[in-house]
$ cat data.cif   # mmCIF, C-alpha atoms and all ligand atoms
data_upload
#
loop_
_atom_site.label_atom_id
_atom_site.label_comp_id
_atom_site.auth_asym_id
_atom_site.auth_seq_id
_atom_site.Cartn_x
_atom_site.Cartn_y
_atom_site.Cartn_z
CA MET V 20 -36.35 15.57 12.39
CA ASN V 21 -34.49 12.37 13.23
CA GLN V 22 -30.80 12.50 12.39
CA PRO V 23 -29.61 9.41 10.47
CA THR V 24 -27.21 7.16 12.39
CA PRO V 25 -23.70 7.82 11.11
CA ILE V 26 -22.15 5.08 8.97
CA PRO V 27 -18.38 5.19 9.39
CA LEU V 28 -15.95 4.74 6.52
CA LEU V 29 -14.20 2.15 8.68
CA ASP V 30 -15.23 0.68 12.04
CA LEU V 31 -12.57 -1.28 13.89
CA GLY V 32 -14.93 -1.92 16.81
CA PRO V 33 -16.37 -5.28 15.69
CA GLN V 34 -12.90 -6.70 15.06
CA HIS V 35 -11.76 -5.60 18.49
CA ARG V 36 -14.85 -7.01 20.20
CA LEU V 37 -14.28 -10.37 18.49
CA LEU V 38 -10.61 -10.55 19.42
CA ALA V 39 -10.43 -8.60 22.69
CA PRO V 40 -9.89 -11.68 24.92
CA ALA V 41 -7.20 -13.10 22.58
CA ILE V 42 -5.51 -9.70 22.33
CA ARG V 43 -5.54 -9.30 26.11
CA ARG V 44 -3.94 -12.72 26.51
CA ALA V 45 -1.32 -11.95 23.85
CA VAL V 46 -0.44 -8.59 25.38
CA THR V 47 -0.27 -10.03 28.89
CA LYS V 48 2.06 -12.76 27.67
CA VAL V 49 4.46 -10.14 26.31
CA LEU V 50 4.23 -8.03 29.46
CA VAL V 51 4.93 -11.04 31.66
CA SER V 52 7.85 -12.11 29.47
CA GLN V 53 9.37 -8.60 29.70
CA HIS V 54 10.80 -9.21 26.22
CA PHE V 55 9.64 -6.16 24.29
CA VAL V 56 11.80 -5.88 21.19
CA LEU V 57 13.07 -8.51 18.71
CA GLY V 58 11.68 -11.45 20.62
CA PRO V 59 9.63 -14.58 19.94
CA GLU V 60 6.42 -12.80 18.86
CA GLY V 61 8.22 -10.87 16.12
CA LYS V 62 10.05 -14.00 14.99
CA ALA V 63 6.82 -16.01 14.87
CA LEU V 64 5.03 -13.27 12.95
CA GLU V 65 7.86 -13.14 10.42
CA ALA V 66 7.71 -16.91 9.92
CA GLU V 67 3.91 -16.97 9.62
CA ALA V 68 3.80 -14.06 7.19
CA ALA V 69 6.59 -15.49 5.02
CA GLU V 70 4.69 -18.77 4.80
CA ALA V 71 1.32 -17.13 4.08
CA ILE V 72 2.79 -14.91 1.36
CA GLY V 73 5.02 -17.62 -0.08
CA VAL V 74 8.40 -15.94 0.29
CA LYS V 75 11.65 -16.97 1.97
CA HIS V 76 12.03 -13.99 4.27
CA ALA V 77 9.80 -11.60 6.17
CA ILE V 78 11.45 -8.89 8.25
CA GLY V 79 9.48 -6.82 10.74
CA CYS V 80 10.13 -3.11 11.14
CA ALA V 81 8.58 -0.03 12.70
CA SER V 82 6.22 1.07 9.90
CA GLY V 83 5.35 0.68 6.24
CA SER V 84 7.23 3.90 5.57
CA ASP V 85 10.37 2.54 7.22
CA ALA V 86 9.92 -0.71 5.30
CA LEU V 87 10.23 1.23 2.03
CA LEU V 88 13.15 3.24 3.32
CA LEU V 89 14.99 0.13 4.54
CA VAL V 90 14.49 -1.69 1.23
CA LEU V 91 15.89 1.24 -0.72
CA ARG V 92 18.81 1.56 1.72
CA ALA V 93 19.52 -2.17 1.46
CA MET V 94 19.61 -1.82 -2.32
CA ASP V 95 22.02 1.14 -2.03
CA PHE V 96 19.73 3.80 -3.44
CA GLY V 97 20.88 7.38 -2.99
CA PRO V 98 21.53 10.69 -4.71
CA GLY V 99 21.78 10.35 -8.47
CA ASP V 100 19.33 7.41 -8.56
CA SER V 101 15.74 7.51 -9.73
CA VAL V 102 12.78 5.42 -8.62
CA VAL V 103 9.76 5.35 -10.92
CA THR V 104 6.35 5.19 -9.26
CA THR V 105 2.71 6.20 -9.47
CA PRO V 106 1.42 9.61 -8.38
CA MET V 107 -1.84 8.11 -7.01
CA THR V 108 -0.54 6.62 -3.81
CA PHE V 109 0.07 7.47 -0.19
CA PHE V 110 2.93 9.91 0.31
CA ALA V 111 5.39 7.32 1.66
CA SER V 112 5.78 5.54 -1.70
CA ALA V 113 7.58 8.61 -3.03
CA GLY V 114 8.66 10.05 0.31
CA ALA V 115 10.96 7.08 1.01
CA PRO V 116 13.14 7.46 -2.12
CA ALA V 117 13.08 11.24 -1.73
CA ARG V 118 14.33 10.96 1.87
CA LEU V 119 17.37 9.09 0.55
CA GLY V 120 18.09 11.86 -1.93
CA CYS V 121 16.75 9.95 -4.93
CA ARG V 122 14.85 11.52 -7.77
CA VAL V 123 11.29 10.24 -8.17
CA ASP V 124 9.86 9.88 -11.66
CA PHE V 125 6.09 9.61 -11.79
CA VAL V 126 4.21 7.86 -14.57
CA ASP V 127 0.52 8.08 -15.30
CA VAL V 128 -2.19 5.65 -14.19
CA GLU V 129 -4.78 3.47 -15.90
CA PRO V 130 -8.05 5.41 -15.64
CA ASP V 131 -10.16 2.40 -14.70
CA THR V 132 -7.82 0.94 -12.03
CA ILE V 133 -5.74 4.01 -11.11
CA ASN V 134 -2.80 1.63 -10.76
CA MET V 135 0.44 2.45 -12.56
CA ASP V 136 -0.11 2.07 -16.30
CA PRO V 137 2.50 -0.31 -17.77
CA ALA V 138 2.14 1.48 -21.13
CA ALA V 139 2.91 4.82 -19.46
CA LEU V 140 5.93 3.22 -17.80
CA GLU V 141 7.17 1.97 -21.19
CA ALA V 142 6.56 5.40 -22.70
CA PHE V 143 8.58 7.04 -19.91
CA LEU V 144 11.44 4.54 -20.29
CA ALA V 145 11.49 5.27 -24.03
CA THR V 146 12.40 8.90 -23.16
CA CYS V 147 15.43 7.73 -21.14
CA THR V 148 18.93 7.39 -22.54
CA ARG V 149 20.90 4.13 -22.36
CA GLU V 150 24.64 4.70 -21.88
CA SER V 151 27.32 2.33 -23.14
CA ASP V 152 27.76 0.76 -19.68
CA GLY V 153 24.04 0.03 -19.55
CA THR V 154 23.09 2.91 -17.26
CA LEU V 155 19.61 4.23 -17.99
CA ARG V 156 19.24 7.99 -17.46
CA GLU V 157 15.98 9.88 -17.20
CA PRO V 158 15.70 13.02 -19.30
CA LYS V 159 15.02 15.77 -16.73
CA GLN V 160 17.98 15.60 -14.35
CA GLY V 161 20.04 12.73 -15.75
CA ALA V 162 19.40 10.50 -12.73
CA ARG V 163 20.11 6.78 -13.07
CA VAL V 164 16.80 4.93 -13.35
CA ARG V 165 17.18 1.83 -11.18
CA ALA V 166 13.80 0.71 -9.92
CA VAL V 167 10.08 0.68 -10.41
CA MET V 168 7.98 0.94 -7.28
CA ALA V 169 4.59 -0.62 -7.94
CA VAL V 170 1.80 0.16 -5.47
CA ASP V 171 -1.19 -2.18 -5.05
CA ILE V 172 -3.48 0.73 -4.48
CA PHE V 173 -6.58 0.16 -2.33
CA GLY V 174 -5.66 -3.55 -2.22
CA ARG V 175 -5.89 -4.17 -5.96
CA PRO V 176 -2.67 -5.76 -7.30
CA CYS V 177 -0.87 -4.12 -10.20
CA ASP V 178 -0.56 -5.82 -13.57
CA TYR V 179 2.54 -7.81 -12.61
CA ASP V 180 2.83 -9.79 -15.85
CA ALA V 181 3.40 -6.50 -17.62
CA LEU V 182 5.50 -4.82 -14.91
CA GLU V 183 7.80 -7.81 -14.42
CA ALA V 184 8.37 -8.06 -18.18
CA ILE V 185 9.17 -4.33 -18.48
CA CYS V 186 11.55 -4.39 -15.51
CA ALA V 187 13.33 -7.48 -16.86
CA LYS V 188 13.63 -5.94 -20.32
CA HIS V 189 15.15 -2.70 -19.00
CA GLY V 190 17.25 -4.21 -16.20
CA LEU V 191 15.30 -2.47 -13.44
CA ALA V 192 14.57 -3.65 -9.93
CA LEU V 193 10.91 -4.06 -9.03
CA ILE V 194 9.77 -3.07 -5.54
CA GLU V 195 6.21 -3.75 -4.44
CA ASP V 196 4.51 -1.40 -2.00
CA ALA V 197 1.83 -3.79 -0.77
CA ALA V 198 0.92 -1.70 2.30
CA GLN V 199 -2.76 -1.84 1.34
CA ALA V 200 -2.84 -5.37 -0.02
CA TYR V 201 -2.20 -8.04 2.65
CA GLY V 202 -3.83 -11.21 1.34
CA ALA V 203 -4.53 -9.98 -2.20
CA SER V 204 -3.32 -12.17 -5.02
CA TYR V 205 -2.37 -12.07 -8.67
CA ARG V 206 -2.65 -15.39 -10.51
CA ASP V 207 -1.34 -17.90 -7.96
CA ARG V 208 0.93 -15.44 -6.17
CA ARG V 209 0.17 -13.33 -3.14
CA CYS V 210 0.93 -9.64 -2.98
CA GLY V 211 4.26 -9.31 -1.25
CA ALA V 212 5.76 -11.98 -3.51
CA PHE V 213 6.49 -9.69 -6.45
CA GLY V 214 9.72 -7.96 -7.26
CA HIS V 215 13.00 -7.93 -5.36
CA ALA V 216 11.27 -6.93 -2.17
CA ALA V 217 7.83 -5.90 -1.02
CA THR V 218 6.58 -3.91 1.93
CA PHE V 219 3.54 -3.92 4.21
CA SER V 220 2.13 -1.59 6.83
CA PHE V 221 0.39 -2.65 10.03
CA TYR V 222 -1.01 0.84 10.61
CA PRO V 223 -4.30 0.29 12.52
CA THR V 224 -6.60 1.12 9.58
CA LYS V 225 -4.92 -1.37 7.25
CA ASN V 226 -6.79 -4.62 6.52
CA LEU V 227 -4.25 -6.32 8.79
CA GLY V 228 -3.40 -3.71 11.39
CA GLY V 229 -1.88 -3.46 14.84
CA ALA V 230 -2.57 -1.09 17.70
CA GLY V 231 0.02 1.42 16.56
CA ASP V 232 2.71 1.57 13.92
CA GLY V 233 4.34 -1.48 12.39
CA GLY V 234 5.66 -2.73 9.09
CA LEU V 235 7.04 -5.76 7.28
CA ILE V 236 9.39 -6.43 4.38
CA THR V 237 9.23 -9.60 2.28
CA THR V 238 11.87 -10.90 -0.10
CA ASN V 239 13.34 -14.10 -1.56
CA ASP V 240 16.83 -12.60 -1.63
CA ASP V 241 18.98 -14.02 1.21
CA ALA V 242 21.63 -11.31 1.08
CA LEU V 243 19.05 -8.53 0.98
CA ALA V 244 17.23 -10.07 3.96
CA GLU V 245 20.44 -10.24 5.97
CA ARG V 246 21.26 -6.63 5.22
CA LEU V 247 17.72 -5.55 6.14
CA ARG V 248 17.99 -7.33 9.49
CA SER V 249 21.18 -5.40 10.15
CA LEU V 250 19.95 -2.01 8.89
CA ARG V 251 16.93 -2.10 11.20
CA VAL V 252 19.25 -2.30 14.24
CA HIS V 253 21.71 0.47 13.39
CA GLY V 254 23.68 -1.68 10.99
CA SER V 255 24.68 -4.21 13.62
CA SER V 256 23.79 -7.81 12.95
CA LYS V 257 26.61 -10.04 14.09
CA ARG V 258 27.82 -8.82 17.45
CA ARG V 259 26.26 -6.35 19.79
CA TYR V 260 27.83 -2.87 19.57
CA VAL V 261 29.75 -3.83 16.45
CA HIS V 262 28.38 -1.90 13.46
CA GLU V 263 29.09 -2.86 9.87
CA GLU V 264 27.33 0.23 8.57
CA VAL V 265 25.10 3.08 9.68
CA GLY V 266 21.54 1.85 9.94
CA ILE V 267 18.45 3.07 11.73
CA ASN V 268 16.31 1.97 14.68
CA SER V 269 13.26 0.38 13.09
CA ARG V 270 11.92 -2.72 14.78
CA LEU V 271 8.46 -4.21 15.07
CA ASP V 272 7.97 -4.36 18.82
CA GLU V 273 6.69 -7.47 20.54
CA LEU V 274 3.35 -5.96 21.58
CA GLN V 275 2.51 -5.01 17.98
CA ALA V 276 3.70 -8.36 16.67
CA ALA V 277 1.58 -10.22 19.23
CA ILE V 278 -1.52 -8.17 18.36
CA VAL V 279 -1.05 -8.56 14.60
CA ARG V 280 -0.58 -12.31 15.12
CA THR V 281 -3.99 -12.61 16.78
CA LYS V 282 -5.53 -11.14 13.62
CA MET V 283 -3.59 -13.09 11.01
CA PRO V 284 -5.73 -16.26 11.12
CA HIS V 285 -8.81 -14.11 10.41
CA VAL V 286 -7.54 -11.91 7.62
CA ASP V 287 -8.44 -14.15 4.67
CA GLY V 288 -12.03 -14.41 5.94
CA TRP V 289 -12.20 -10.66 6.46
CA ASN V 290 -10.85 -10.11 2.96
CA ALA V 291 -13.57 -12.39 1.55
CA GLN V 292 -16.19 -10.28 3.35
CA ARG V 293 -14.66 -7.14 1.83
CA ARG V 294 -14.93 -8.71 -1.63
CA GLU V 295 -18.63 -9.46 -1.00
CA HIS V 296 -19.30 -5.83 -0.12
CA ALA V 297 -17.40 -4.68 -3.19
CA ALA V 298 -19.41 -7.00 -5.44
CA ALA V 299 -22.67 -5.65 -3.99
CA TYR V 300 -21.55 -2.04 -4.50
CA ASP V 301 -20.35 -2.84 -8.05
CA ALA V 302 -23.72 -4.39 -8.93
CA ALA V 303 -25.67 -1.51 -7.41
CA PHE V 304 -23.70 1.13 -9.30
CA ALA V 305 -23.52 -0.69 -12.64
CA ASP V 306 -26.42 1.29 -14.13
CA VAL V 307 -25.72 4.63 -12.45
CA ALA V 308 -24.59 7.18 -15.00
CA GLY V 309 -21.95 9.30 -13.30
CA VAL V 310 -20.46 6.50 -11.16
CA THR V 311 -17.65 4.21 -12.29
CA PRO V 312 -16.33 1.80 -9.64
CA LEU V 313 -12.58 1.27 -9.91
CA ARG V 314 -12.05 -2.17 -11.30
CA ALA V 315 -9.55 -4.81 -10.35
CA PRO V 316 -6.91 -4.84 -13.06
CA LEU V 317 -7.51 -8.31 -14.49
CA ALA V 318 -9.71 -11.39 -14.24
CA HIS V 319 -6.99 -13.41 -12.52
CA VAL V 320 -6.58 -10.90 -9.73
CA SER V 321 -8.12 -11.24 -6.29
CA PRO V 322 -8.18 -7.79 -4.67
CA ILE V 323 -8.90 -7.23 -0.98
CA TYR V 324 -10.54 -3.77 -1.14
CA HIS V 325 -8.60 -2.02 1.56
CA LEU V 326 -10.81 0.80 0.28
CA TYR V 327 -13.82 0.67 -2.03
CA THR V 328 -13.42 3.56 -4.43
CA ILE V 329 -15.50 4.93 -7.27
CA ARG V 330 -14.90 7.63 -9.82
CA ALA V 331 -17.78 10.06 -9.50
CA GLU V 332 -18.97 12.91 -11.65
CA ARG V 333 -19.52 16.03 -9.52
CA ARG V 334 -17.48 14.32 -6.83
CA ASP V 335 -17.43 17.20 -4.38
CA ALA V 336 -21.23 17.56 -4.54
CA LEU V 337 -21.59 13.81 -3.98
CA LYS V 338 -19.24 14.13 -1.03
CA ALA V 339 -21.43 16.89 0.43
CA ALA V 340 -24.52 14.68 -0.03
CA LEU V 341 -22.78 11.76 1.72
CA ASP V 342 -21.66 14.06 4.54
CA ALA V 343 -25.21 15.39 4.94
CA ALA V 344 -26.54 11.81 5.10
CA LYS V 345 -23.84 10.98 7.69
CA VAL V 346 -22.24 8.43 5.38
CA GLY V 347 -18.48 8.19 5.95
CA ASN V 348 -16.33 8.80 2.91
CA GLY V 349 -12.82 9.87 1.99
CA VAL V 350 -10.83 11.18 -0.93
CA TYR V 351 -7.68 9.14 -1.57
CA TYR V 352 -5.80 11.03 -2.81
CA PRO V 353 -6.79 14.64 -3.45
CA ILE V 354 -3.38 15.80 -4.74
CA PRO V 355 -1.41 13.45 -7.01
CA LEU V 356 2.14 13.24 -5.69
CA HIS V 357 3.82 14.84 -8.72
CA LEU V 358 2.01 18.08 -7.80
CA GLN V 359 3.01 18.10 -4.11
CA GLU V 360 4.89 21.25 -3.17
CA CYS V 361 7.72 19.25 -1.58
CA PHE V 362 8.39 17.52 -4.91
CA GLU V 363 8.64 20.75 -6.92
CA ASN V 364 12.31 20.00 -7.53
CA PHE V 365 11.32 17.01 -9.70
CA GLY V 366 9.99 19.49 -12.26
CA TYR V 367 6.36 18.45 -12.77
CA ARG V 368 3.55 20.84 -13.70
CA ALA V 369 -0.23 20.51 -13.68
CA GLY V 370 -1.21 18.78 -16.90
CA ASP V 371 1.88 16.53 -17.04
CA LEU V 372 0.02 13.40 -15.85
CA PRO V 373 -3.55 14.13 -16.92
CA LEU V 374 -5.07 10.76 -16.06
CA ALA V 375 -3.83 10.86 -12.47
CA GLU V 376 -4.95 14.48 -12.15
CA ALA V 377 -8.42 13.62 -13.45
CA ALA V 378 -8.60 10.66 -11.06
CA ALA V 379 -7.64 12.83 -8.09
CA ALA V 380 -10.60 15.11 -8.93
CA GLU V 381 -13.08 12.22 -9.22
CA VAL V 382 -12.22 9.49 -6.71
CA ILE V 383 -14.18 8.96 -3.53
CA SER V 384 -14.09 5.98 -1.19
CA LEU V 385 -17.21 4.58 0.47
CA PRO V 386 -17.68 2.65 3.73
CA MET V 387 -15.80 -0.63 3.59
CA TYR V 388 -14.90 -3.03 6.38
CA PRO V 389 -15.60 -6.74 6.81
CA GLU V 390 -18.44 -6.39 9.32
CA LEU V 391 -20.21 -3.55 7.46
CA PRO V 392 -23.92 -4.33 8.07
CA ALA V 393 -25.90 -5.07 4.89
CA ALA V 394 -28.47 -2.42 5.89
CA ASP V 395 -25.74 0.22 6.17
CA ARG V 396 -24.31 -0.83 2.82
CA GLN V 397 -27.77 -0.43 1.31
CA ARG V 398 -28.10 3.05 2.80
CA VAL V 399 -24.77 4.03 1.24
CA ILE V 400 -26.02 2.72 -2.11
CA ASP V 401 -29.33 4.58 -1.75
CA VAL V 402 -27.59 7.87 -1.03
CA VAL V 403 -25.29 7.52 -4.05
CA ARG V 404 -28.09 6.35 -6.37
CA GLY V 405 -30.39 9.07 -5.04
CA PHE V 406 -27.76 11.74 -5.72
CA TYR V 407 -27.57 10.78 -9.39
CA GLY V 408 -31.36 10.57 -9.65
C1 LIG E 501 0.56 2.64 -0.17
C2 LIG E 501 1.18 2.91 1.16
N1 LIG E 501 2.52 2.92 1.27
C3 LIG E 501 3.14 3.13 2.44
C4 LIG E 501 2.41 3.38 3.59
C5 LIG E 501 3.15 3.71 4.83
O1 LIG E 501 2.83 2.89 5.89
P1 LIG E 501 2.95 3.41 7.42
O2 LIG E 501 1.80 4.33 7.66
O3 LIG E 501 2.89 2.16 8.22
O4 LIG E 501 4.25 4.10 7.53
C6 LIG E 501 1.01 3.37 3.53
C7 LIG E 501 0.18 3.54 4.74
O5 LIG E 501 -0.15 4.48 5.28
C8 LIG E 501 0.38 3.16 2.29
O6 LIG E 501 -0.95 3.19 2.18
#
$ encode --input "data.cif" --output "structure tokens" --more "lines below"
Ligand SMILES: Cc1ncc(COP(=O)(O)O)c(C=O)c1O
Amino acid sequence: MNQPTPIPLLDLGPQHRLLAPAIRRAVTKVLVSQHFVLGPEGKALEAEAAEAIGVKHAIGCASGSDALLLVLRAMDFGPGDSVVTTPMTFFASAGAPARLGCRVDFVDVEPDTINMDPAALEAFLATCTRESDGTLREPKQGARVRAVMAVDIFGRPCDYDALEAICAKHGLALIEDAAQAYGASYRDRRCGAFGHAATFSFYPTKNLGGAGDGGLITTNDDALAERLRSLRVHGSSKRRYVHEEVGINSRLDELQAAIVRTKMPHVDGWNAQRREHAAAYDAAFADVAGVTPLRAPLAHVSPIYHLYTIRAERRDALKAALDAAKVGNGVYYPIPLHLQECFENFGYRAGDLPLAEAAAAEVISLPMYPELPAADRQRVIDVVRGFYG
């Protein structure tokens, strides 16, 4: 019997074939210049990204995880502070505050978007105590609630009208983890332009990725930007070997910056292709009982579908059927973060965030990349439709 040709979840090959000559030129230019760290490529990328996103400052760093860590450091987060976030995200969204000794409070998600539910955030904040000096304390460990970290999961922006209003009302900082959402927009604003600061990842599988690790921070806050530029070079910004504070080594190197720059002019087009695939999947699954595609939060949102994800009844059996048909797939994320062993100290139990837990048992992502051939997309659809009869 003929084996079906595998359809990958993500194929970076076409992108590389398109850009290989430009990437080779860009890499050679850096090698010839012998300027490998904090040079003209990084500076140019920062300027281009700030302009594309519509913010005053973009600051390169070594990864999306470091970007989160640096933002929290620059805002003086530490032990005794709490950051509120979603449990349905990549580990780093909660790992960054935890690494700084912060408490992480998780709030439940909207079932149809699996983004943070603003109503759940309000409900959580209603359980906190406001002290006479304005400090807001969460009920479990008495940590000072200072920030909400919103995550544009799978490239679908959060409901920022609601989140901005809640943060303003309660005096909380808003941080946007836009690692999966380069080029997505909400009303007339791009992801990366929300909150006090936002972060991106250039991990290779991201919709704008390098050839290794890389990250970016965006902000309109001049003082925060200056501190971030210092923190990424061991807390030394003014004079070499003079340190104002203890920072870390987290720079976006010139080779990564040059490679990401070759892709930047293409990313909006690639994102449009992703949206076309998502629309075709959505239409094909509209009448399939047992399949609910995650929706973009609101009509005025333009997502970029870093991943195309459905909620599926009998998810694990569907996964086995996709595997058997050699159709790439992935479960993001199988364990909601509040139930991770390393976060036991935050005091969550199974059942505490039922909507996130249900989502973790039902989500599955299907092949999605700009150049996904229409015939492959149709085969994915046929396997899913066939599974549900
Ligand atoms: C939502 C989210 N936040 C943070 C990160 C961390 O980015 P990086 O892998 O570049 O450290 C990622 C990417 O993996 C992510 O998907």
$ residues_near_ligand --input "data.cif" --ligand "ligand LIG 501 (chain E)" --cutoff "8 Å" --atoms "all atoms listed in the file" --output "list of chain:residue names"
V:Ala81, V:Ser82, V:Gly83, V:Ser84, V:Asp85, V:Ala86, V:Leu87, V:Thr108, V:Phe109, V:Phe110, V:Ala111, V:Ser112, V:Val170, V:Asp171, V:Ile172, V:Phe173, V:Asp196, V:Ala197, V:Ala198, V:Gln199, V:Thr218, V:Phe219, V:Ser220, V:Phe221, V:Tyr222, V:Lys225, V:Asp232, V:Gly233, V:Gly234
$ residues_around --input "data.cif" --residues "Ala192 (chain V)" --least-positions-apart "6" --cutoff "8 Å" --atoms "all atoms listed in the file" --output "ChimeraX atom specification"
/V:165-167,186,214-215
$ atom_distance --input "data.cif" --atom1 "CA of Asp272 (chain V)" --atom2 "CA of Gly61 (chain V)"
7.1 Å
$ atom_distance --input "data.cif" --atom1 "CA of Ile185 (chain V)" --atom2 "CA of Ala378 (chain V)"
24.4 Å
$ closest_residue --input "data.cif" --among "V:Gly79, V:Glu141, V:Leu227, V:Ala377" --to "Thr281 (chain V)" --atoms "only C-alpha atoms"
V:Leu227
$ closest_residue --input "data.cif" --among "V:Val399, V:Pro353, V:Met283, V:Glu273" --to "His54 (chain V)" --atoms "only C-alpha atoms"
V:Glu273
$ residues_near_point --input "data.cif" --point "(-12.9, -2.1, 0.6)" --cutoff "7 Å" --atoms "all atoms listed in the file" --output "list in words"
Arg293, Ala297, Ile323, Tyr324, His325, Leu326, Tyr327, Met387 and Tyr388 of chain V
$ closest_residue --input "data.cif" --among "V:Ala181, V:Leu191, V:Met135, V:Leu271" --to "Ser101 (chain V)" --atoms "all atoms listed in the file"
V:Leu191
$ closest_residue --input "data.cif" --among "V:Val320, V:Val90, V:Pro137, V:Pro116" --to "Ala200 (chain V)" --atoms "all atoms listed in the file"
V:Val320
$ closest_residue --input "data.cif" --among "V:Asp335, V:Val252, V:Pro322, V:Glu390" --to "Glu264 (chain V)" --atoms "all atoms listed in the file"
V:Val252
$ closest_residue --input "data.cif" --among "V:Asp241, V:Ala203, V:Leu385, V:Pro33" --to "Ala291 (chain V)" --atoms "only C-alpha atoms"
V:Ala203
$ residues_around --input "data.cif" --residues "Tyr300 (chain V)" --least-positions-apart "5" --cutoff "10 Å" --atoms "only C-alpha atoms" --output "mmCIF file with C-alpha atoms, keeping the file's coordinate frame"
data_model
loop_
_atom_site.group_PDB
_atom_site.id
_atom_site.type_symbol
_atom_site.label_atom_id
_atom_site.label_comp_id
_atom_site.auth_asym_id
_atom_site.auth_seq_id
_atom_site.Cartn_x
_atom_site.Cartn_y
_atom_site.Cartn_z
ATOM 1 C CA ARG V 294 -14.930 -8.710 -1.630
ATOM 2 C CA GLU V 295 -18.630 -9.460 -1.000
ATOM 3 C CA ALA V 305 -23.520 -0.690 -12.640
ATOM 4 C CA PRO V 312 -16.330 1.800 -9.640
ATOM 5 C CA TYR V 327 -13.820 0.670 -2.030
ATOM 6 C CA THR V 328 -13.420 3.560 -4.430
ATOM 7 C CA ILE V 329 -15.500 4.930 -7.270
ATOM 8 C CA LEU V 385 -17.210 4.580 0.470
ATOM 9 C CA ARG V 396 -24.310 -0.830 2.820
ATOM 10 C CA GLN V 397 -27.770 -0.430 1.310
ATOM 11 C CA VAL V 399 -24.770 4.030 1.240
ATOM 12 C CA ILE V 400 -26.020 2.720 -2.110
#
$ residues_around --input "data.cif" --residues "Ala69 (chain V)" --least-positions-apart "6" --cutoff "9 Å" --atoms "only C-alpha atoms" --output "PyMOL selection string"
chain V and resi 75-78+237-238
$ decode --input "data.cif" --residues "region 341-373 of chain V" --atoms "C-alpha atoms" --output "mmCIF file, in the first residue's frame"
data_model
loop_
_atom_site.group_PDB
_atom_site.id
_atom_site.type_symbol
_atom_site.label_atom_id
_atom_site.label_comp_id
_atom_site.auth_asym_id
_atom_site.auth_seq_id
_atom_site.Cartn_x
_atom_site.Cartn_y
_atom_site.Cartn_z
ATOM 1 C CA LEU V 341 -3.919 12.485 11.876
ATOM 2 C CA ASP V 342 -0.703 10.693 12.831
ATOM 3 C CA ALA V 343 -1.785 7.597 10.886
ATOM 4 C CA ALA V 344 -2.543 9.768 7.846
ATOM 5 C CA LYS V 345 0.878 11.439 8.237
ATOM 6 C CA VAL V 346 -0.711 14.822 8.880
ATOM 7 C CA GLY V 347 1.424 16.967 11.192
ATOM 8 C CA ASN V 348 -0.291 18.199 14.323
ATOM 9 C CA GLY V 349 0.525 19.408 17.801
ATOM 10 C CA VAL V 350 -1.097 19.968 21.167
ATOM 11 C CA TYR V 351 -0.470 23.461 22.517
ATOM 12 C CA TYR V 352 -0.578 23.175 25.446
ATOM 13 C CA PRO V 353 -1.257 19.798 27.047
ATOM 14 C CA ILE V 354 -0.812 20.954 30.666
ATOM 15 C CA PRO V 355 -2.185 24.361 31.667
ATOM 16 C CA LEU V 356 0.530 26.222 33.544
ATOM 17 C CA HIS V 357 -1.295 26.397 36.892
ATOM 18 C CA LEU V 358 -0.973 22.585 37.062
ATOM 19 C CA GLN V 359 2.764 22.439 36.282
ATOM 20 C CA GLU V 360 4.717 20.711 39.031
ATOM 21 C CA CYS V 361 7.203 23.588 39.270
ATOM 22 C CA PHE V 362 4.360 25.987 40.127
ATOM 23 C CA GLU V 363 2.963 23.853 42.961
ATOM 24 C CA ASN V 364 3.957 26.584 45.403
ATOM 25 C CA PHE V 365 1.318 28.885 43.879
ATOM 26 C CA GLY V 366 -1.332 26.610 45.386
ATOM 27 C CA TYR V 367 -3.473 25.582 42.407
ATOM 28 C CA ARG V 368 -5.323 22.266 42.142
ATOM 29 C CA ALA V 369 -6.996 20.472 39.246
ATOM 30 C CA GLY V 370 -10.460 21.953 38.875
ATOM 31 C CA ASP V 371 -9.427 25.502 39.863
ATOM 32 C CA LEU V 372 -9.467 26.825 36.268
ATOM 33 C CA PRO V 373 -11.923 24.483 34.570
#
